[in-house]
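Asker: Dropping in input06.cif, which is mmCIF, C-alpha atoms and all ligand atoms:
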data_final
#
loop_
_atom_site.label_atom_id
_atom_site.label_comp_id
_atom_site.auth_asym_id
_atom_site.auth_seq_id
_atom_site.Cartn_x
_atom_site.Cartn_y
_atom_site.Cartn_z
CA MET A 3 -10.95 48.24 -1.09
CA LYS A 4 -11.75 48.59 -4.77
CA VAL A 5 -14.70 46.29 -5.40
CA ALA A 6 -15.90 45.22 -8.84
CA MET A 7 -19.47 43.89 -8.59
CA VAL A 8 -20.57 42.02 -11.71
CA ILE A 9 -24.26 41.13 -11.82
CA CYS A 10 -26.27 38.91 -14.10
CA SER A 11 -29.98 39.32 -13.40
CA HIS A 12 -33.07 38.59 -15.46
CA SER A 13 -35.94 39.18 -13.05
CA GLY A 14 -34.15 41.50 -10.65
CA ASN A 15 -33.49 39.30 -7.59
CA THR A 16 -29.71 39.12 -7.93
CA LEU A 17 -29.56 42.80 -8.86
CA LYS A 18 -31.51 43.66 -5.71
CA LEU A 19 -29.08 41.66 -3.55
CA GLY A 20 -26.09 43.17 -5.37
CA GLU A 21 -27.41 46.71 -4.90
CA MET A 22 -28.02 46.12 -1.19
CA ALA A 23 -24.53 44.70 -0.67
CA SER A 24 -23.05 47.50 -2.77
CA ALA A 25 -24.75 50.22 -0.67
CA MET A 26 -23.50 48.58 2.53
CA LEU A 27 -19.97 48.25 1.19
CA MET A 28 -19.86 51.90 0.16
CA GLU A 29 -21.21 52.86 3.58
CA ALA A 30 -18.27 50.93 5.05
CA GLY A 31 -15.84 52.97 2.94
CA HIS A 32 -15.24 50.63 0.00
CA GLN A 33 -15.20 51.87 -3.59
CA VAL A 34 -17.76 49.85 -5.56
CA ASN A 35 -18.20 49.65 -9.31
CA LEU A 36 -21.42 47.72 -10.06
CA THR A 37 -22.10 46.46 -13.57
CA GLN A 38 -25.30 44.69 -14.60
CA LEU A 39 -24.26 42.62 -17.58
CA VAL A 40 -25.97 43.15 -20.90
CA SER A 41 -25.83 40.37 -23.47
CA ASP A 42 -26.36 39.86 -27.15
CA PRO A 43 -28.76 38.14 -27.58
CA PRO A 44 -30.58 39.49 -24.50
CA LEU A 45 -31.28 37.04 -21.66
CA SER A 46 -34.38 35.02 -22.45
CA GLU A 47 -35.94 32.32 -20.32
CA SER A 48 -38.15 31.10 -23.16
CA LYS A 49 -35.27 30.85 -25.66
CA PRO A 50 -32.14 30.37 -23.55
CA VAL A 51 -28.90 30.02 -25.48
CA GLY A 52 -25.66 28.38 -24.35
CA ALA A 53 -22.79 30.39 -22.92
CA ASN A 54 -20.78 30.05 -26.13
CA ALA A 55 -23.51 31.78 -28.16
CA ILE A 56 -23.55 34.84 -25.87
CA ARG A 57 -21.62 38.07 -26.35
CA ILE A 58 -21.40 40.37 -23.37
CA THR A 59 -21.61 43.97 -24.55
CA ASN A 60 -20.52 45.71 -21.35
CA LEU A 61 -17.93 43.46 -19.69
CA PRO A 62 -16.23 45.66 -17.08
CA ASP A 63 -12.47 46.01 -16.78
CA VAL A 64 -11.78 44.48 -13.36
CA SER A 65 -8.00 44.82 -13.51
CA ALA A 66 -7.91 47.63 -10.94
CA ALA A 67 -10.18 45.81 -8.46
CA ASP A 68 -8.92 44.25 -5.22
CA ILE A 69 -11.90 41.91 -5.22
CA VAL A 70 -14.42 40.79 -7.83
CA LEU A 71 -17.94 39.92 -6.71
CA ILE A 72 -19.85 38.03 -9.36
CA GLY A 73 -23.49 37.05 -8.91
CA GLY A 74 -26.41 35.70 -10.86
CA PRO A 75 -29.27 33.22 -10.90
CA VAL A 76 -29.47 29.44 -11.11
CA TRP A 77 -31.09 28.32 -14.34
CA ALA A 78 -31.88 24.65 -14.97
CA LEU A 79 -29.80 23.41 -12.04
CA ARG A 80 -26.66 25.41 -12.86
CA PRO A 81 -25.44 28.99 -13.12
CA CYS A 82 -27.31 30.72 -15.93
CA PRO A 83 -25.40 30.77 -19.27
CA LEU A 84 -24.64 34.51 -19.06
CA LEU A 85 -23.00 33.97 -15.68
CA LEU A 86 -20.87 31.14 -17.08
CA LYS A 87 -19.92 33.32 -20.05
CA ALA A 88 -18.96 36.17 -17.69
CA MET A 89 -16.71 33.83 -15.70
CA ALA A 90 -15.06 32.70 -18.92
CA ASP A 91 -14.58 36.24 -20.24
CA LEU A 92 -13.30 37.59 -16.92
CA SER A 93 -11.01 34.65 -16.14
CA PRO A 94 -7.83 36.17 -17.71
CA LYS A 95 -8.18 39.05 -15.21
CA LEU A 96 -8.91 36.91 -12.15
CA LYS A 97 -5.47 35.42 -11.54
CA GLY A 98 -4.27 36.34 -8.05
CA ARG A 99 -7.40 38.39 -7.38
CA LYS A 100 -9.99 37.72 -4.68
CA VAL A 101 -13.26 36.47 -6.15
CA LEU A 102 -16.55 36.13 -4.28
CA PRO A 103 -19.32 34.39 -6.22
CA PHE A 104 -22.97 34.48 -5.19
CA VAL A 105 -26.19 33.04 -6.58
CA THR A 106 -29.91 33.48 -6.07
CA HIS A 107 -32.35 30.68 -6.78
CA ALA A 108 -35.97 29.65 -6.34
CA PHE A 109 -35.78 26.41 -4.41
CA PRO A 110 -36.13 26.84 -0.64
CA PHE A 111 -32.94 25.03 0.32
CA ALA A 112 -29.40 25.90 -0.72
CA TRP A 113 -28.61 22.21 -1.24
CA LEU A 114 -31.22 22.11 -4.02
CA THR A 115 -29.15 23.57 -6.89
CA GLY A 116 -27.89 26.64 -4.98
CA ASN A 117 -24.74 25.17 -3.43
CA SER A 118 -23.85 23.14 -6.52
CA SER A 119 -24.16 26.21 -8.76
CA LEU A 120 -22.06 28.26 -6.36
CA ASN A 121 -19.46 25.49 -6.35
CA THR A 122 -19.38 25.49 -10.15
CA LEU A 123 -18.52 29.20 -10.07
CA ARG A 124 -15.97 28.67 -7.31
CA LYS A 125 -14.26 25.93 -9.32
CA LEU A 126 -14.13 28.10 -12.47
CA ALA A 127 -12.64 31.00 -10.49
CA SER A 128 -10.12 28.67 -8.88
CA LYS A 129 -9.14 27.31 -12.31
CA ALA A 130 -8.51 30.91 -13.38
CA GLY A 131 -6.05 31.28 -10.51
CA ALA A 132 -8.26 33.44 -8.30
CA LEU A 133 -8.22 33.48 -4.51
CA VAL A 134 -11.75 32.16 -4.13
CA LEU A 135 -13.86 33.19 -1.13
CA PRO A 136 -16.67 30.95 0.17
CA GLY A 137 -19.50 32.82 -1.58
CA VAL A 138 -23.16 33.20 -0.72
CA VAL A 139 -26.41 31.49 -1.74
CA LEU A 140 -29.78 33.23 -1.42
CA SER A 141 -32.53 30.61 -1.56
CA ARG A 142 -36.22 31.34 -1.67
CA SER A 143 -38.41 30.39 1.26
CA ALA A 144 -42.18 30.60 1.32
CA LYS A 145 -41.57 34.20 2.30
CA ARG A 146 -38.41 35.51 0.67
CA ASN A 147 -38.42 38.94 2.19
CA MET A 148 -36.16 41.85 2.92
CA SER A 149 -34.64 40.19 5.97
CA GLN A 150 -33.40 37.29 3.82
CA TYR A 151 -31.85 39.73 1.36
CA GLN A 152 -30.36 41.63 4.27
CA GLU A 153 -28.90 38.44 5.75
CA ALA A 154 -27.32 37.51 2.40
CA ALA A 155 -26.00 41.06 1.90
CA ASP A 156 -24.51 40.96 5.41
CA LYS A 157 -22.74 37.69 4.55
CA ILE A 158 -21.32 39.18 1.35
CA CYS A 159 -20.08 42.29 3.14
CA ALA A 160 -18.48 40.24 5.93
CA LEU A 161 -16.41 38.41 3.30
CA VAL A 162 -15.08 41.61 1.70
CA ARG A 163 -11.85 42.41 3.56
C1 LIG B 201 -35.08 29.50 -17.07
C2 LIG B 201 -35.03 29.45 -15.55
C3 LIG B 201 -34.56 28.32 -14.92
C4 LIG B 201 -34.47 28.27 -13.52
N1 LIG B 201 -33.95 27.15 -12.91
C5 LIG B 201 -33.84 27.11 -11.55
C6 LIG B 201 -33.28 25.98 -10.89
O1 LIG B 201 -32.83 25.00 -11.51
N2 LIG B 201 -33.20 25.97 -9.54
C7 LIG B 201 -33.67 27.02 -8.79
O2 LIG B 201 -33.60 26.96 -7.55
N3 LIG B 201 -34.20 28.13 -9.39
C8 LIG B 201 -34.29 28.20 -10.74
N4 LIG B 201 -34.81 29.32 -11.36
C9 LIG B 201 -35.23 30.48 -10.53
C10 LIG B 201 -34.17 31.58 -10.47
O3 LIG B 201 -32.89 31.03 -10.15
C11 LIG B 201 -34.51 32.59 -9.36
O4 LIG B 201 -35.77 33.14 -9.55
C12 LIG B 201 -33.44 33.69 -9.31
O5 LIG B 201 -33.53 34.37 -8.07
C13 LIG B 201 -33.62 34.69 -10.45
O6 LIG B 201 -32.62 35.67 -10.34
P1 LIG B 201 -32.71 37.05 -11.16
O7 LIG B 201 -34.03 37.71 -10.72
O8 LIG B 201 -31.54 37.83 -10.71
O9 LIG B 201 -32.72 36.74 -12.60
C14 LIG B 201 -34.91 29.39 -12.74
C15 LIG B 201 -35.40 30.52 -13.40
C16 LIG B 201 -35.46 30.56 -14.78
C17 LIG B 201 -36.00 31.81 -15.46
#
Can you dump the structure from the file as structure tokens?
Answerer:
Amino acid sequence: MKVAMVICSHSGNTLKLGEMASAMLMEAGHQVNLTQLVSDPPLSESKPVGANAIRITNLPDVSAADIVLIGGPVWALRPCPLLLKAMADLSPKLKGRKVLPFVTHAFPFAWLTGNSSLNTLRKLASKAGALVLPGVVLSRSAKRNMSQYQEAADKICALVR
């Protein structure tokens, strides 16, 4: 399958998960095009701006993709503004396409802001007419380690078919 992986990542966690999943998908024979989004103004946790004030400078063309994977962090209880802006900008191209959202976050339980943020992305994709897959949440435990990333990457890969 042609996979478009669109990543929003400030401190590298979501990018790490995306890169792991991407390597596994390519190993399995999929064609993956990974884009880490760049924004103007750049992502800033000290001076965050709303989605409407963000311009994405490298939005990929996903029109040839069979499936779009879109991932990023939870900020202040919801998907970070760049992730929301990416969903908005990509939405005209999502109609009829499979979309798999995923989020990473710092709380140790998915029900603490992880699931709700994922559901926000799922609803936006659904509104755009996408065929929305369940998605994946990577929470942080006292020891977020490689096996947790691996488990989340395995879940992502299992959904790509
Ligand atoms: C401004 C800001 C707000 C955050 N708010 C939340 C939050 O509400 N819930 C949560 O679980 N994690 C929160 N986090 C933690 C990030 O979601 C977490 O570290 C994530 O894995 C970062 O992903 P990244 O490294 O790809 O940017 C916040 C981080 C920042 C910088």
Asker: Smallest atom-to-atom distance to Phe111 in chain A: which of A:Val51, A:Leu86, A:Leu135, A:Leu140, using only C-alpha atoms?
Answerer: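 Smallest separation from Phe111 in chain A among the options: A:Leu140.
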Asker: Check every protein, DNA and RNA residue against ligand LIG 201 (chain B), keep those with an atom at most 6 Å away (counting all atoms listed in the file), and present them as a list in words.
Answerer: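 Answer in the requested format: Ser11, His12, Ser13, Gly14, Asn15, Thr16, Leu17, Glu47, Gly74, Pro75, Val76, Trp77, Ala78, Leu79, Thr106, His107, Ala108, Phe109 and Thr115 of chain A.
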Asker: May I have the residues within 12 Å of Arg124 in chain A as a list in words, using all atoms listed in the file and disregarding those fewer than 5 positions away in the same chain?
Answerer: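 The residues that qualify are Leu71, Ile72, Gly73, Pro81, Leu86, Met89, Ser93, Leu96, Lys100, Val101, Leu102, Pro103, Phe104, Val105, Asn117, Ser118, Ser119, Lys129, Ala130, Gly131, Ala132, Leu133, Val134, Leu135, Pro136, Gly137 and Val138 of chain A.
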Asker: For Asn60 in chain A, which residue out of A:Leu123, A:Ala88, A:Ala23, A:Ala154 is the nearest one, using all atoms listed in the file?
Answerer: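 Result for the nearest residue to Asn60 in chain A: A:Ala88.
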Asker: Which value, in Å to one decimal, gives the distance between CA of Met148 in chain A and CA of Ser24 in chain A?
Answerer: 15.4 Å
Asker: Just how far from CA of Thr37 in chain A is CA of Leu19 in chain A, in Å to one decimal?
Answerer: 13.1 Å
Asker: Point out the residue among A:Tyr151, A:Val162, A:Gly31, A:Asp68 with the least atom-to-atom distance to Gly98 in chain A, counting all atoms listed in the file.
Answerer: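 Nearest candidate to Gly98 in chain A out of A:Tyr151, A:Val162, A:Gly31, A:Asp68: A:Asp68.
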Asker: Hey, what's within 10 Å of Asp42 in chain A if we count all atoms listed in the file and toss same-chain stuff fewer than 3 positions away? As an mmCIF file with C-alpha atoms, keeping the file's coordinate frame, please?
Answerer:
data_model
loop_
_atom_site.group_PDB
_atom_site.id
_atom_site.type_symbol
_atom_site.label_atom_id
_atom_site.label_comp_id
_atom_site.auth_asym_id
_atom_site.auth_seq_id
_atom_site.Cartn_x
_atom_site.Cartn_y
_atom_site.Cartn_z
ATOM 1 C CA LEU A 45 -31.280 37.040 -21.660
ATOM 2 C CA ALA A 55 -23.510 31.780 -28.160
ATOM 3 C CA ILE A 56 -23.550 34.840 -25.870
ATOM 4 C CA ARG A 57 -21.620 38.070 -26.350
ATOM 5 C CA ILE A 58 -21.400 40.370 -23.370
ATOM 6 C CA THR A 59 -21.610 43.970 -24.550
ATOM 7 C CA LEU A 84 -24.640 34.510 -19.060
#
Asker: Adding 8 Å on each side of the box along x, y and z that holds all listed atoms of range 145-163 of chain A, could you give its centre and edge lengths in Å to one decimal, as lines of an AutoDock Vina configuration file?
Answerer:
center_x = -26.7
center_y = 38.3
center_z = 3.3
size_x = 45.7
size_y = 24.2
size_z = 21.3
Asker: Rounded to one decimal in Å, what is the spacing between CA of Ala66 in chain A and CA of Lys95 in chain A?
Answerer: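 Interatomic distance, CA of Ala66 in chain A to CA of Lys95 in chain A: 9.6 Å.
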Asker: My list of candidates is A:Cys82, A:Leu92, A:Leu126, A:Ala155. Which is closest to Gly20 in chain A when distances are computed with all atoms listed in the file?
Answerer: A:Ala155
